[in-house]
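Structure record follows, encoded as structure tokens.
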Amino acid sequence: MARVGELYPDARIYLFGSFARGTWLDDSDVDVVVVSRAFEGMEFWERGAMLRRLASREVPFEILAYTPEELEERLKRSVVLQDASEYWVRLR
């Protein structure tokens with residue numbers, strides 16, 4: 001995820017899910033939310049595909065990518081993100 005910060009200097013990166021809670025298993029994926037203004041005008045699937053290319057291929061990632069405004073809106077409506085925000089860890 002360090003490469004994400006290099007390409008998107010404004011990016012905020014949050015770890016959530018089992019790794020953030022300390023309950024991961026050997027086959028757990030790494031759940032990450034990336035927030036950047038650079039995603040404005042991009043399709044949601046394009047963002048994830050682009051970020052997955054930057055992530056380690058040795059570790060399975062689940063990546064959600066939002067603009068700051070989208071994240072704010074999603075936090076109002078998504079139970080998954082509301083729960084994640086209770087314990088996520090800011091990596092960047």
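Lettering and numbering for the structure tokens are positional, with chains as A, B, ... in the shown order, residues counted from 1 in each chain, and ligands counted from 1 in the shown order.
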Compile the contact shell of Ser18 (chain A) as a short mmCIF file (atom, residue, chain, number, x, y, z; two decimals) with C-alpha atoms, in the first residue's frame: residues with an atom at most 12 Å away, counting only C-alpha atoms, same-chain residues fewer than 2 positions apart removed.
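Saved to around_7.cif:
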```
data_model
loop_
_atom_site.label_atom_id
_atom_site.label_comp_id
_atom_site.auth_asym_id
_atom_site.auth_seq_id
_atom_site.Cartn_x
_atom_site.Cartn_y
_atom_site.Cartn_z
CA LEU A 15 -7.22 -1.03 7.56
CA PHE A 16 -10.41 -2.72 8.75
CA ALA A 20 -7.65 -4.42 12.30
CA ARG A 21 -9.47 -6.39 15.01
CA GLY A 22 -6.61 -8.86 15.47
CA THR A 23 -8.80 -11.85 14.61
CA TRP A 24 -7.38 -12.83 11.23
CA LEU A 25 -6.86 -16.42 10.11
CA ASP A 26 -4.29 -17.81 7.69
CA ASP A 27 -6.72 -17.48 4.79
CA SER A 28 -8.06 -14.00 5.70
CA ASP A 29 -7.93 -11.21 3.18
CA VAL A 30 -6.77 -7.69 4.04
CA ASP A 31 -9.62 -5.17 4.03
CA VAL A 32 -8.64 -1.62 3.13
CA GLU A 62 -10.30 -6.34 -0.55
CA ALA A 84 -15.57 -0.79 10.10
CA TYR A 87 -12.25 -0.04 14.80
CA TRP A 88 -10.37 0.76 11.61
CA VAL A 89 -6.72 1.72 11.82
#
```
Contact residues around region 37-47 of chain A with only C-alpha atoms at 8 Å, ignoring same-chain residues under 2 positions, as JSON, numbers by chain
{"A": [8, 10, 11, 35, 49, 50, 51, 65, 66, 67, 68]}
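Residues of region 3-76 of chain A assigned to alpha helix (DSSP H) by DSSP on this structure's backbone: Arg3, Val4, Gly5, Glu6, Leu7, Ser18, Phe19, Ala20, Arg21, Phe44, Trp45, Glu46, Arg47, Gly48, Ala49, Met50, Leu51, Arg52, Arg53, Leu54, Pro68, Glu69, Glu70, Leu71, Glu72, Glu73, Arg74, Leu75 and Lys76 of chain A.
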### Query
Between CA of Glu86 (chain A) and CA of Arg12 (chain A), what is the distance, to one decimal in Å?
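Between CA of Glu86 (chain A) and CA of Arg12 (chain A) the gap works out to 16.2 Å.
Taking only C-alpha atoms into account, Gly5 (chain A) lies nearest to A:Ser36 out of the set A:Leu71, A:Leu81, A:Gly17, A:Ser36.
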In chain A, what's strand (DSSP E or B) per DSSP? Answer as a list in words?
Arg12, Ile13, Tyr14, Leu15, Phe16, Val30, Asp31, Val32, Val33, Val34, Val35, Phe61, Glu62, Ile63, Leu64, Ala65, Tyr66, Val89 and Arg90 of chain A
The selected residues should be written to file as an mmCIF file, in the first residue's frame (atoms: C-alpha atoms).
```cif
data_model
loop_
_atom_site.group_PDB
_atom_site.id
_atom_site.type_symbol
_atom_site.label_atom_id
_atom_site.label_comp_id
_atom_site.auth_asym_id
_atom_site.auth_seq_id
_atom_site.Cartn_x
_atom_site.Cartn_y
_atom_site.Cartn_z
ATOM 1 C CA ARG A 12 -5.891 8.236 3.440
ATOM 2 C CA ILE A 13 -5.634 4.488 3.924
ATOM 3 C CA TYR A 14 -7.602 2.610 6.581
ATOM 4 C CA LEU A 15 -7.216 -1.031 7.560
ATOM 5 C CA PHE A 16 -10.410 -2.722 8.753
ATOM 6 C CA VAL A 30 -6.769 -7.693 4.036
ATOM 7 C CA ASP A 31 -9.624 -5.169 4.035
ATOM 8 C CA VAL A 32 -8.637 -1.618 3.135
ATOM 9 C CA VAL A 33 -10.448 1.664 2.472
ATOM 10 C CA VAL A 34 -8.542 4.189 0.358
ATOM 11 C CA VAL A 35 -9.814 7.774 0.221
ATOM 12 C CA PHE A 61 -6.723 -7.592 -0.641
ATOM 13 C CA GLU A 62 -10.302 -6.337 -0.551
ATOM 14 C CA ILE A 63 -10.019 -2.666 -1.481
ATOM 15 C CA LEU A 64 -12.759 -0.044 -1.303
ATOM 16 C CA ALA A 65 -11.874 3.291 -2.897
ATOM 17 C CA TYR A 66 -13.834 6.493 -2.329
ATOM 18 C CA VAL A 89 -6.721 1.720 11.819
ATOM 19 C CA ARG A 90 -5.402 4.620 9.796
#
```
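Relative to CA of Met1 (chain A), CA of Ser56 (chain A) is found at 7.9 Å.
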